[in-house]
$ cat input-v3.cif   # mmCIF, C-alpha atoms and all ligand atoms
data_work
loop_
_atom_site.group_PDB
_atom_site.id
_atom_site.type_symbol
_atom_site.label_atom_id
_atom_site.label_comp_id
_atom_site.auth_asym_id
_atom_site.auth_seq_id
_atom_site.Cartn_x
_atom_site.Cartn_y
_atom_site.Cartn_z
ATOM 1 C CA MET A 1 -14.003 22.959 24.989
ATOM 2 C CA LEU A 2 -10.217 23.301 25.226
ATOM 3 C CA ASN A 3 -9.888 23.531 21.434
ATOM 4 C CA ASP A 4 -11.446 27.020 21.629
ATOM 5 C CA ILE A 5 -8.319 28.239 23.422
ATOM 6 C CA PHE A 6 -6.141 27.691 20.352
ATOM 7 C CA GLU A 7 -5.830 29.923 17.321
ATOM 8 C CA TYR A 8 -5.586 27.392 14.527
ATOM 9 C CA GLU A 9 -4.182 28.293 11.108
ATOM 10 C CA GLY A 10 -7.226 28.034 8.844
ATOM 11 C CA ALA A 11 -9.943 25.418 9.243
ATOM 12 C CA VAL A 12 -8.953 22.215 11.025
ATOM 13 C CA PHE A 13 -10.541 18.837 10.380
ATOM 14 C CA ARG A 14 -10.705 15.701 12.484
ATOM 15 C CA PRO A 15 -12.337 12.284 12.109
ATOM 16 C CA PRO A 16 -15.789 11.952 13.755
ATOM 17 C CA ARG A 17 -14.385 9.504 16.328
ATOM 18 C CA GLU A 18 -12.068 12.267 17.569
ATOM 19 C CA TRP A 19 -14.912 14.582 18.557
ATOM 20 C CA ASP A 20 -13.704 14.666 22.187
ATOM 21 C CA SER A 21 -9.974 15.005 21.409
ATOM 22 C CA LEU A 22 -7.784 18.004 21.909
ATOM 23 C CA ILE A 23 -6.695 18.973 18.392
ATOM 24 C CA ILE A 24 -3.076 20.037 18.174
ATOM 25 C CA GLN A 25 -1.874 21.417 14.878
ATOM 26 C CA ALA A 26 1.612 19.980 14.413
ATOM 27 C CA ALA A 27 1.575 20.692 10.684
ATOM 28 C CA VAL A 28 -0.461 23.037 8.524
ATOM 29 C CA GLY A 29 -2.249 21.714 5.437
ATOM 30 C CA CYS A 30 -1.467 18.563 3.483
ATOM 31 C CA SER A 31 1.968 17.952 1.969
ATOM 32 C CA ARG A 32 0.408 16.063 -0.960
ATOM 33 C CA ASN A 33 -2.645 18.196 -1.701
ATOM 34 C CA SER A 34 -3.063 16.637 -5.128
ATOM 35 C CA CYS A 35 -6.448 14.906 -4.821
ATOM 36 C CA LEU A 36 -8.959 16.591 -7.104
ATOM 37 C CA PHE A 37 -11.984 15.820 -4.906
ATOM 38 C CA CYS A 38 -10.452 17.281 -1.723
ATOM 39 C CA VAL A 39 -10.754 20.988 -0.945
ATOM 40 C CA MET A 40 -9.866 20.761 2.755
ATOM 41 C CA TYR A 41 -6.381 22.201 2.541
ATOM 42 C CA LYS A 42 -6.339 23.861 -0.881
ATOM 43 C CA LYS A 43 -5.977 27.327 0.644
ATOM 44 C CA LYS A 44 -3.133 26.370 2.960
ATOM 45 C CA GLY A 45 0.534 26.157 2.065
ATOM 46 C CA PHE A 46 2.014 23.110 3.740
ATOM 47 C CA ARG A 47 4.475 23.482 6.594
ATOM 48 C CA ILE A 48 5.549 21.620 9.698
ATOM 49 C CA ARG A 49 5.093 23.795 12.769
ATOM 50 C CA SER A 50 8.069 24.197 15.078
ATOM 51 C CA PHE A 51 8.210 22.628 18.503
ATOM 52 C CA GLU A 52 8.201 26.148 19.973
ATOM 53 C CA GLU A 53 4.968 27.073 18.188
ATOM 54 C CA ILE A 54 3.271 23.919 19.433
ATOM 55 C CA LYS A 55 4.524 24.498 22.992
ATOM 56 C CA ASN A 56 3.269 28.085 22.852
ATOM 57 C CA ASP A 57 -0.192 26.768 21.954
ATOM 58 C CA ILE A 58 -0.142 24.422 24.891
ATOM 59 C CA THR A 59 0.889 27.142 27.343
ATOM 60 C CA ARG A 60 -2.519 28.706 26.626
ATOM 61 C CA ILE A 61 -4.178 25.813 28.432
ATOM 62 C CA PRO A 62 -4.773 26.638 32.103
ATOM 63 C CA ALA A 63 -2.730 24.303 34.326
ATOM 64 C CA ALA A 64 -5.888 23.057 36.051
ATOM 65 C CA TYR A 65 -7.061 21.517 32.746
ATOM 66 C CA LEU A 66 -3.888 19.667 31.757
ATOM 67 C CA GLY A 67 -4.963 16.606 33.725
ATOM 68 C CA SER A 68 -8.283 16.401 31.919
ATOM 69 C CA VAL A 69 -6.820 15.768 28.442
ATOM 70 C CA LYS A 70 -7.207 12.088 27.593
ATOM 71 C CA LYS A 71 -7.182 12.200 23.797
ATOM 72 C CA ILE A 72 -5.138 14.198 21.283
ATOM 73 C CA PHE A 73 -5.615 14.328 17.534
ATOM 74 C CA ILE A 74 -2.500 15.568 15.748
ATOM 75 C CA ALA A 75 -3.550 17.738 12.794
ATOM 76 C CA ASP A 76 -3.534 18.753 9.910
ATOM 77 C CA GLY A 77 -3.952 16.578 6.831
ATOM 78 C CA ASN A 78 -0.996 14.233 7.110
ATOM 79 C CA ALA A 79 1.113 15.024 10.162
ATOM 80 C CA LEU A 80 2.554 11.507 9.938
ATOM 81 C CA CYS A 81 4.835 12.897 7.229
ATOM 82 C CA MET A 82 6.854 14.715 9.916
ATOM 83 C CA ALA A 83 10.343 13.371 10.530
ATOM 84 C CA SER A 84 9.934 10.345 12.799
ATOM 85 C CA ALA A 85 12.287 11.721 15.484
ATOM 86 C CA GLU A 86 10.285 14.980 15.660
ATOM 87 C CA LEU A 87 6.976 13.154 15.852
ATOM 88 C CA ILE A 88 8.272 10.870 18.607
ATOM 89 C CA ALA A 89 9.669 13.853 20.572
ATOM 90 C CA LEU A 90 6.272 15.526 20.281
ATOM 91 C CA CYS A 91 4.508 12.425 21.611
ATOM 92 C CA GLU A 92 6.902 12.259 24.557
ATOM 93 C CA TYR A 93 6.253 15.932 25.288
ATOM 94 C CA PHE A 94 2.476 15.379 25.152
ATOM 95 C CA LYS A 95 2.717 12.433 27.554
ATOM 96 C CA LYS A 96 4.740 14.499 30.049
ATOM 97 C CA THR A 97 2.432 17.492 29.758
ATOM 98 C CA PHE A 98 -0.903 15.662 29.928
ATOM 99 C CA PRO A 99 -0.642 13.007 32.663
ATOM 100 C CA ALA A 100 -4.023 11.378 31.826
ATOM 101 C CA LEU A 101 -3.293 11.089 28.081
ATOM 102 C CA ARG A 102 -4.164 7.642 26.735
ATOM 103 C CA HIS A 103 -5.033 8.139 23.075
ATOM 104 C CA LEU A 104 -2.963 9.779 20.299
ATOM 105 C CA SER A 105 -4.185 9.753 16.704
ATOM 106 C CA VAL A 106 -3.201 11.152 13.333
ATOM 107 C CA TYR A 107 -4.268 11.161 9.676
ATOM 108 C CA ALA A 108 -1.923 9.052 7.570
ATOM 109 C CA ASN A 109 -1.526 9.080 3.820
ATOM 110 C CA PRO A 110 -0.556 5.573 2.584
ATOM 111 C CA LEU A 111 2.565 6.968 0.912
ATOM 112 C CA ASP A 112 3.604 8.658 4.184
ATOM 113 C CA ILE A 113 3.493 5.212 5.789
ATOM 114 C CA HIS A 114 5.872 4.003 3.076
ATOM 115 C CA GLU A 115 8.276 6.843 3.799
ATOM 116 C CA LYS A 116 8.853 5.340 7.257
ATOM 117 C CA THR A 117 10.915 2.215 7.868
ATOM 118 C CA ASP A 118 9.329 -0.668 9.777
ATOM 119 C CA GLY A 119 11.501 0.330 12.748
ATOM 120 C CA GLU A 120 10.263 3.937 12.607
ATOM 121 C CA LEU A 121 6.631 2.841 12.435
ATOM 122 C CA LYS A 122 7.119 0.650 15.500
ATOM 123 C CA ALA A 123 8.892 3.465 17.363
ATOM 124 C CA ILE A 124 6.045 5.885 16.543
ATOM 125 C CA ARG A 125 3.530 3.334 17.775
ATOM 126 C CA GLU A 126 5.555 2.781 20.965
ATOM 127 C CA ALA A 127 5.749 6.542 21.482
ATOM 128 C CA GLY A 128 1.964 6.479 21.869
ATOM 129 C CA ILE A 129 0.277 7.071 18.513
ATOM 130 C CA LYS A 130 -2.336 4.361 18.395
ATOM 131 C CA ASN A 131 -4.868 5.259 15.720
ATOM 132 C CA LEU A 132 -4.041 5.920 12.090
ATOM 133 C CA TYR A 133 -6.829 7.355 9.947
ATOM 134 C CA VAL A 134 -5.886 6.348 6.434
ATOM 135 C CA GLY A 135 -7.549 7.981 3.434
ATOM 136 C CA ILE A 136 -7.607 5.180 0.873
ATOM 137 C CA GLU A 137 -10.622 6.579 -1.038
ATOM 138 C CA SER A 138 -10.581 3.809 -3.666
ATOM 139 C CA GLY A 139 -9.007 0.460 -4.382
ATOM 140 C CA SER A 140 -9.254 1.054 -8.118
ATOM 141 C CA ASP A 141 -6.045 2.190 -9.800
ATOM 142 C CA ALA A 142 -8.079 3.774 -12.602
ATOM 143 C CA VAL A 143 -10.062 5.842 -10.106
ATOM 144 C CA LEU A 144 -6.978 6.876 -8.138
ATOM 145 C CA LYS A 145 -5.378 8.032 -11.377
ATOM 146 C CA LEU A 146 -8.508 9.864 -12.527
ATOM 147 C CA VAL A 147 -8.805 11.884 -9.317
ATOM 148 C CA LYS A 148 -5.047 12.272 -8.835
ATOM 149 C CA LYS A 149 -4.861 10.462 -5.523
ATOM 150 C CA GLU A 150 -1.250 9.346 -5.296
ATOM 151 C CA GLY A 151 -0.684 5.612 -4.874
ATOM 152 C CA SER A 152 -1.962 2.335 -6.282
ATOM 153 C CA TYR A 153 -3.891 -0.671 -5.010
ATOM 154 C CA ALA A 154 -0.603 -2.471 -4.351
ATOM 155 C CA GLN A 155 0.906 0.479 -2.467
ATOM 156 C CA MET A 156 -2.234 0.978 -0.377
ATOM 157 C CA LYS A 157 -2.357 -2.718 0.465
ATOM 158 C CA LEU A 158 1.277 -2.808 1.539
ATOM 159 C CA ALA A 159 0.918 0.424 3.543
ATOM 160 C CA LEU A 160 -2.033 -0.997 5.483
ATOM 161 C CA GLU A 161 -0.194 -4.274 6.089
ATOM 162 C CA ARG A 162 2.928 -2.488 7.347
ATOM 163 C CA ALA A 163 0.915 -0.195 9.622
ATOM 164 C CA HIS A 164 -0.957 -3.208 10.961
ATOM 165 C CA ALA A 165 2.295 -5.099 11.601
ATOM 166 C CA ALA A 166 3.604 -2.078 13.551
ATOM 167 C CA GLY A 167 0.595 -2.359 15.868
ATOM 168 C CA PHE A 168 -1.571 0.592 14.805
ATOM 169 C CA VAL A 169 -5.364 0.524 14.962
ATOM 170 C CA ILE A 170 -6.341 1.384 11.406
ATOM 171 C CA SER A 171 -9.380 3.300 10.323
ATOM 172 C CA VAL A 172 -9.828 3.520 6.558
ATOM 173 C CA THR A 173 -11.898 5.926 4.496
ATOM 174 C CA ILE A 174 -13.547 4.904 1.220
ATOM 175 C CA LEU A 175 -15.176 7.683 -0.790
ATOM 176 C CA LEU A 176 -18.433 6.681 -2.471
ATOM 177 C CA GLY A 177 -18.932 8.187 -5.918
ATOM 178 C CA VAL A 178 -15.280 9.152 -6.386
ATOM 179 C CA GLY A 179 -15.034 7.187 -9.612
ATOM 180 C CA GLY A 180 -18.096 8.842 -11.131
ATOM 181 C CA LYS A 181 -20.423 6.836 -13.363
ATOM 182 C CA ALA A 182 -17.672 5.314 -15.485
ATOM 183 C CA TYR A 183 -15.945 3.498 -12.645
ATOM 184 C CA SER A 184 -18.722 3.144 -10.098
ATOM 185 C CA MET A 185 -18.859 -0.654 -9.954
ATOM 186 C CA GLU A 186 -15.115 -1.116 -10.408
ATOM 187 C CA HIS A 187 -14.571 1.325 -7.533
ATOM 188 C CA ALA A 188 -16.998 -0.608 -5.315
ATOM 189 C CA ARG A 189 -15.490 -4.006 -6.108
ATOM 190 C CA ARG A 190 -11.794 -3.111 -5.987
ATOM 191 C CA SER A 191 -12.271 -1.111 -2.780
ATOM 192 C CA ALA A 192 -14.030 -4.079 -1.177
ATOM 193 C CA GLU A 193 -11.261 -6.383 -2.377
ATOM 194 C CA LEU A 194 -8.648 -4.147 -0.763
ATOM 195 C CA MET A 195 -10.603 -4.127 2.499
ATOM 196 C CA ASN A 196 -10.949 -7.909 2.371
ATOM 197 C CA GLU A 197 -7.213 -8.316 1.882
ATOM 198 C CA THR A 198 -6.230 -5.931 4.678
ATOM 199 C CA SER A 199 -9.040 -6.122 7.292
ATOM 200 C CA PRO A 200 -8.724 -2.690 8.917
ATOM 201 C CA ARG A 201 -10.406 -2.273 12.307
ATOM 202 C CA PHE A 202 -12.728 0.452 10.995
ATOM 203 C CA ILE A 203 -14.099 1.109 7.518
ATOM 204 C CA ASN A 204 -15.733 4.509 7.028
ATOM 205 C CA THR A 205 -17.549 5.530 3.898
ATOM 206 C CA LEU A 206 -18.078 9.151 2.938
ATOM 207 C CA THR A 207 -19.781 10.387 -0.231
ATOM 208 C CA ALA A 208 -17.906 12.545 -2.742
ATOM 209 C CA SER A 209 -19.386 16.042 -2.781
ATOM 210 C CA ILE A 210 -18.511 18.776 -5.212
ATOM 211 C CA TYR A 211 -17.558 21.914 -3.316
ATOM 212 C CA GLU A 212 -16.453 25.244 -4.728
ATOM 213 C CA GLY A 213 -12.842 24.929 -5.852
ATOM 214 C CA SER A 214 -13.079 21.159 -6.368
ATOM 215 C CA GLY A 215 -10.679 19.879 -8.987
ATOM 216 C CA LEU A 216 -13.476 17.627 -10.211
ATOM 217 C CA ILE A 217 -15.431 20.566 -11.630
ATOM 218 C CA PRO A 218 -13.209 20.951 -14.743
ATOM 219 C CA LEU A 219 -13.484 17.178 -15.284
ATOM 220 C CA ILE A 220 -17.275 17.393 -15.044
ATOM 221 C CA ARG A 221 -17.367 20.286 -17.494
ATOM 222 C CA SER A 222 -15.177 18.435 -19.967
ATOM 223 C CA LYS A 223 -17.363 15.316 -19.575
ATOM 224 C CA LYS A 224 -14.515 13.266 -18.136
ATOM 225 C CA PHE A 225 -16.380 12.761 -14.871
ATOM 226 C CA GLU A 226 -20.103 12.176 -14.415
ATOM 227 C CA VAL A 227 -21.473 12.616 -10.914
ATOM 228 C CA LEU A 228 -23.596 9.751 -9.598
ATOM 229 C CA THR A 229 -27.277 10.217 -8.892
ATOM 230 C CA ASP A 230 -28.544 9.312 -5.442
ATOM 231 C CA ARG A 231 -29.840 6.009 -6.804
ATOM 232 C CA GLU A 232 -26.473 5.187 -8.377
ATOM 233 C CA THR A 233 -24.702 6.070 -5.130
ATOM 234 C CA ILE A 234 -26.947 3.650 -3.258
ATOM 235 C CA ASP A 235 -26.252 0.969 -5.894
ATOM 236 C CA GLU A 236 -22.503 1.540 -5.513
ATOM 237 C CA HIS A 237 -22.728 1.437 -1.735
ATOM 238 C CA TYR A 238 -24.759 -1.781 -1.946
ATOM 239 C CA GLU A 239 -22.189 -3.391 -4.244
ATOM 240 C CA PHE A 240 -19.332 -2.335 -1.946
ATOM 241 C CA ILE A 241 -20.915 -3.903 1.139
ATOM 242 C CA LYS A 242 -22.050 -6.954 -0.846
ATOM 243 C CA CYS A 243 -18.436 -7.631 -1.880
ATOM 244 C CA LEU A 244 -17.025 -7.159 1.641
ATOM 245 C CA ASP A 245 -16.139 -10.351 3.443
ATOM 246 C CA ALA A 246 -13.785 -8.854 6.028
ATOM 247 C CA ASP A 247 -14.578 -9.983 9.548
ATOM 248 C CA ARG A 248 -14.528 -8.166 12.894
ATOM 249 C CA VAL A 249 -14.589 -4.803 11.177
ATOM 250 C CA ILE A 250 -16.578 -1.868 12.466
ATOM 251 C CA TYR A 251 -18.405 -0.350 9.518
ATOM 252 C CA ARG A 252 -19.526 3.259 9.657
ATOM 253 C CA SER A 253 -21.241 5.365 7.082
ATOM 254 C CA THR A 254 -22.318 8.128 9.423
ATOM 255 C CA HIS A 255 -20.635 11.177 7.895
ATOM 256 C CA VAL A 256 -22.861 14.130 7.037
ATOM 257 C CA SER A 257 -22.034 13.665 3.328
ATOM 258 C CA ASN A 258 -23.878 10.333 3.274
ATOM 259 C CA MET A 259 -27.524 10.050 2.297
ATOM 260 C CA LEU A 260 -28.382 7.737 5.126
ATOM 261 C CA SER A 261 -26.553 6.801 8.267
ATOM 262 C CA LEU A 262 -25.393 3.172 8.500
ATOM 263 C CA GLU A 263 -23.408 1.493 11.219
ATOM 264 C CA GLY A 264 -22.638 -2.103 12.079
ATOM 265 C CA THR A 265 -20.069 -4.794 12.641
ATOM 266 C CA LEU A 266 -18.975 -6.962 9.754
ATOM 267 C CA SER A 267 -19.618 -9.656 8.902
ATOM 268 C CA LYS A 268 -22.331 -10.032 11.562
ATOM 269 C CA ASP A 269 -24.429 -7.090 10.326
ATOM 270 C CA LYS A 270 -23.733 -7.355 6.602
ATOM 271 C CA GLU A 271 -27.232 -8.560 5.629
ATOM 272 C CA LYS A 272 -28.862 -5.939 7.832
ATOM 273 C CA LEU A 273 -26.812 -3.151 6.188
ATOM 274 C CA LEU A 274 -27.717 -4.452 2.719
ATOM 275 C CA GLU A 275 -31.407 -4.669 3.625
ATOM 276 C CA THR A 276 -31.361 -1.073 4.881
ATOM 277 C CA LEU A 277 -29.865 0.130 1.602
ATOM 278 C CA ALA A 278 -32.320 -1.918 -0.481
ATOM 279 C CA LYS A 279 -35.266 -0.602 1.541
ATOM 280 C CA PHE A 280 -34.068 2.983 1.189
ATOM 281 C CA LYS A 281 -33.810 2.504 -2.568
ATOM 282 C CA ASP A 282 -37.317 1.010 -2.788
ATOM 283 C CA GLU A 283 -38.803 3.835 -0.737
ATOM 284 C CA ASN A 284 -37.202 6.516 -2.896
ATOM 285 C CA GLU A 285 -37.436 4.933 -6.344
ATOM 286 C CA SER A 286 -40.574 6.888 -7.248
ATOM 287 C CA ASP A 287 -39.057 10.237 -6.161
ATOM 288 C CA PRO A 288 -37.832 11.968 -9.352
ATOM 289 C CA SER A 289 -35.012 13.729 -7.465
ATOM 290 C CA PHE A 290 -33.591 10.315 -6.541
ATOM 291 C CA ASN A 291 -32.563 9.942 -10.161
ATOM 292 C CA LEU A 292 -31.133 13.425 -10.582
ATOM 293 C CA LEU A 293 -27.560 14.488 -10.018
ATOM 294 C CA LYS A 294 -26.666 14.921 -6.407
ATOM 295 C CA ALA A 295 -23.334 16.272 -5.331
ATOM 296 C CA GLY A 296 -23.299 18.764 -2.528
ATOM 297 C CA GLY A 297 -26.853 19.590 -3.617
ATOM 298 C CA ARG A 298 -25.759 20.903 -7.010
ATOM 299 C CA ASN A 299 -27.077 19.881 -10.390
ATOM 300 C CA GLU A 300 -25.048 22.285 -12.514
ATOM 301 C CA PHE A 301 -21.332 22.932 -12.646
HETATM 302 S S1 LIG A 401 -7.482 13.591 0.387
HETATM 303 FE FE1 LIG A 401 -5.861 13.502 1.947
HETATM 304 S S2 LIG A 401 -3.936 13.325 0.723
HETATM 305 FE FE2 LIG A 401 -5.531 14.036 -0.657
HETATM 306 S S3 LIG A 401 -5.345 16.289 -0.660
HETATM 307 FE FE3 LIG A 401 -6.934 15.735 0.882
HETATM 308 S S4 LIG A 401 -5.834 15.571 2.809
HETATM 309 FE FE4 LIG A 401 -4.264 15.518 1.186
#
$ encode --input "input-v3.cif" --output "structure tokens" --more "lines below"
Ligand code: SF4
Amino acid sequence: MLNDIFEYEGAVFRPPREWDSLIIQAAVGCSRNSCLFCVMYKKKGFRIRSFEEIKNDITRIPAAYLGSVKKIFIADGNALCMASAELIALCEYFKKTFPALRHLSVYANPLDIHEKTDGELKAIREAGIKNLYVGIESGSDAVLKLVKKEGSYAQMKLALERAHAAGFVISVTILLGVGGKAYSMEHARRSAELMNETSPRFINTLTASIYEGSGLIPLIRSKKFEVLTDRETIDEHYEFIKCLDADRVIYRSTHVSNMLSLEGTLSKDKEKLLETLAKFKDENESDPSFNLLKAGGRNEF
């Protein structure tokens, strides 16, 4: 795998759909880094890497392999926050360097989308970035505030609409359990409402897990956040899908953090997805652990 040639700064992450992409680290970390549930970039100071650094990485690739690169994922957490001119220059350089390149993707924070003008978004799309992976996490303002994810329902909605108008293929992430017990149903319903209003091409659900260093741990200890049990997570997931009426959306809940793997096309497969969740709940109802806390396998914090 070509990615083994690079020496990345710290751990790099990519969406599951980018498993066969060359990962190029154009920035290090996440410029926002405020979300309590996210530990991905907590140990990294944010910086944009220079063009020279990125070129030096690419010179490590043997010339014979340059023609085999078809997909590039531009890391880290929110490389879309780079100045538009720099990002566009980088895309042009990638296209010249990798003649078979046909797919450029990046993570996009909704507020980073708002920091671009409509013209800039269009120019970035025309430069070749096709897929935006947007971490929405929740459509509930109360949940976003609780877990310190910057932005509101209205800002997320407008960001998705503007990205869509610029021609991007949008893949959204919703984080099950991120509102804890207090906001579980509100989180499910408001997130579904946001999806219904914006119809992204892909909806991905992950499940909130409590890792070492998570900013949720102090909230749990001070009783401001109660982790969902497995049963409650299934109930929340069920409510989310039940409230979705978006059409022609590819729905994926296949991340390793999820209890069971679900995949389908909405609205065609909605009933099938709901039946699978209901069956899973029935099968596990008598298992005592189904009603215990479950967050990254931990019951104590
Ligand atoms: S969830 Fe996204 S925006 Fe929030 S800290 Fe993690 S990478 Fe940054």
$ residues_near_ligand --input "input-v3.cif" --ligand "ligand LIG 401 (chain A)" --cutoff "10 Å" --atoms "only C-alpha atoms and all ligand atoms" --output "mmCIF file with C-alpha atoms, in the coordinates of the input"
data_model
loop_
_atom_site.group_PDB
_atom_site.id
_atom_site.type_symbol
_atom_site.label_atom_id
_atom_site.label_comp_id
_atom_site.auth_asym_id
_atom_site.auth_seq_id
_atom_site.Cartn_x
_atom_site.Cartn_y
_atom_site.Cartn_z
ATOM 1 C CA PHE A 13 -10.541 18.837 10.380
ATOM 2 C CA GLY A 29 -2.249 21.714 5.437
ATOM 3 C CA CYS A 30 -1.467 18.563 3.483
ATOM 4 C CA SER A 31 1.968 17.952 1.969
ATOM 5 C CA ARG A 32 0.408 16.063 -0.960
ATOM 6 C CA ASN A 33 -2.645 18.196 -1.701
ATOM 7 C CA SER A 34 -3.063 16.637 -5.128
ATOM 8 C CA CYS A 35 -6.448 14.906 -4.821
ATOM 9 C CA LEU A 36 -8.959 16.591 -7.104
ATOM 10 C CA PHE A 37 -11.984 15.820 -4.906
ATOM 11 C CA CYS A 38 -10.452 17.281 -1.723
ATOM 12 C CA VAL A 39 -10.754 20.988 -0.945
ATOM 13 C CA MET A 40 -9.866 20.761 2.755
ATOM 14 C CA TYR A 41 -6.381 22.201 2.541
ATOM 15 C CA LYS A 42 -6.339 23.861 -0.881
ATOM 16 C CA ASP A 76 -3.534 18.753 9.910
ATOM 17 C CA GLY A 77 -3.952 16.578 6.831
ATOM 18 C CA ASN A 78 -0.996 14.233 7.110
ATOM 19 C CA TYR A 107 -4.268 11.161 9.676
ATOM 20 C CA ALA A 108 -1.923 9.052 7.570
ATOM 21 C CA ASN A 109 -1.526 9.080 3.820
ATOM 22 C CA PRO A 110 -0.556 5.573 2.584
ATOM 23 C CA LEU A 111 2.565 6.968 0.912
ATOM 24 C CA ASP A 112 3.604 8.658 4.184
ATOM 25 C CA VAL A 134 -5.886 6.348 6.434
ATOM 26 C CA GLY A 135 -7.549 7.981 3.434
ATOM 27 C CA ILE A 136 -7.607 5.180 0.873
ATOM 28 C CA GLU A 137 -10.622 6.579 -1.038
ATOM 29 C CA VAL A 147 -8.805 11.884 -9.317
ATOM 30 C CA LYS A 148 -5.047 12.272 -8.835
ATOM 31 C CA LYS A 149 -4.861 10.462 -5.523
ATOM 32 C CA GLU A 150 -1.250 9.346 -5.296
ATOM 33 C CA THR A 173 -11.898 5.926 4.496
ATOM 34 C CA LEU A 175 -15.176 7.683 -0.790
#
$ resolve_selection --input "input-v3.cif" --expression "the PyMOL selection byres (((chain A and resi 140) around 7) and not hetatm)" --output "PyMOL selection string"
chain A and resi 138-139+141-144+153+186-187+190-191
$ residues_around --input "input-v3.cif" --residues "Glu86 in chain A" --least-positions-apart "2" --cutoff "12 Å" --atoms "all atoms listed in the file" --output "PyMOL selection string"
chain A and resi 26-27+48-51+54+79-84+88-93+120+123-124+127
$ atom_distance --input "input-v3.cif" --atom1 "CA of Gly215 in chain A" --atom2 "CA of Gly177 in chain A"
14.6 Å
$ resolve_selection --input "input-v3.cif" --expression "the PyMOL selection byres (((chain A and resi 208) around 7) and not hetatm)" --output "NGL selection string"
:A and (175-178 or 206-207 or 209-210)
$ write_last_selection --input "input-v3.cif" --atoms "C-alpha atoms" --output "PDB file, keeping the file's coordinate frame"
ATOM      1  CA  LEU A 175     -15.176   7.683  -0.790  1.00  0.00           C
ATOM      2  CA  LEU A 176     -18.433   6.681  -2.471  1.00  0.00           C
ATOM      3  CA  GLY A 177     -18.932   8.187  -5.918  1.00  0.00           C
ATOM      4  CA  VAL A 178     -15.280   9.152  -6.386  1.00  0.00           C
ATOM      5  CA  LEU A 206     -18.078   9.151   2.938  1.00  0.00           C
ATOM      6  CA  THR A 207     -19.781  10.387  -0.231  1.00  0.00           C
ATOM      7  CA  SER A 209     -19.386  16.042  -2.781  1.00  0.00           C
ATOM      8  CA  ILE A 210     -18.511  18.776  -5.212  1.00  0.00           C
TER       9      ILE A 210
END
$ atom_distance --input "input-v3.cif" --atom1 "CA of Ser105 in chain A" --atom2 "CA of Ile129 in chain A"
5.5 Å
$ residues_around --input "input-v3.cif" --residues "Val69 in chain A" --least-positions-apart "3" --cutoff "10 Å" --atoms "only C-alpha atoms" --output "list in words"
Leu2, Asp20, Ser21, Leu22, Tyr65, Leu66, Ile72, Phe94, Thr97, Phe98, Pro99, Ala100, Leu101, Arg102 and His103 of chain A
$ closest_residue --input "input-v3.cif" --among "A:Leu260, A:Ala246, A:Leu121, A:Val12" --to "Ala159 in chain A" --atoms "all atoms listed in the file"
A:Leu121
$ closest_residue --input "input-v3.cif" --among "A:Leu228, A:Met195, A:Ala166, A:Leu216" --to "Glu126 in chain A" --atoms "all atoms listed in the file"
A:Ala166
$ residues_near_point --input "input-v3.cif" --point "(-15.5, -8.6, 4.7)" --cutoff "12 Å" --atoms "all atoms listed in the file" --output "PyMOL selection string"
chain A and resi 189+191-203+240-251+265-271
$ atom_distance --input "input-v3.cif" --atom1 "CA of Phe46 in chain A" --atom2 "CA of Phe225 in chain A"
28.1 Å
$ closest_residue --input "input-v3.cif" --among "A:Val172, A:Pro218, A:Tyr8, A:Arg231" --to "Glu283 in chain A" --atoms "all atoms listed in the file"
A:Arg231
$ closest_residue --input "input-v3.cif" --among "A:Arg252, A:Lys181, A:Arg221, A:Arg162" --to "Asp235 in chain A" --atoms "only C-alpha atoms"
A:Lys181
$ closest_residue --input "input-v3.cif" --among "A:Phe280, A:Tyr211, A:Tyr183, A:Phe73" --to "Ser261 in chain A" --atoms "all atoms listed in the file"
A:Phe280
$ closest_residue --input "input-v3.cif" --among "A:Ile74, A:Leu104, A:Arg60, A:Ile113" --to "Gln155 in chain A" --atoms "all atoms listed in the file"
A:Ile113
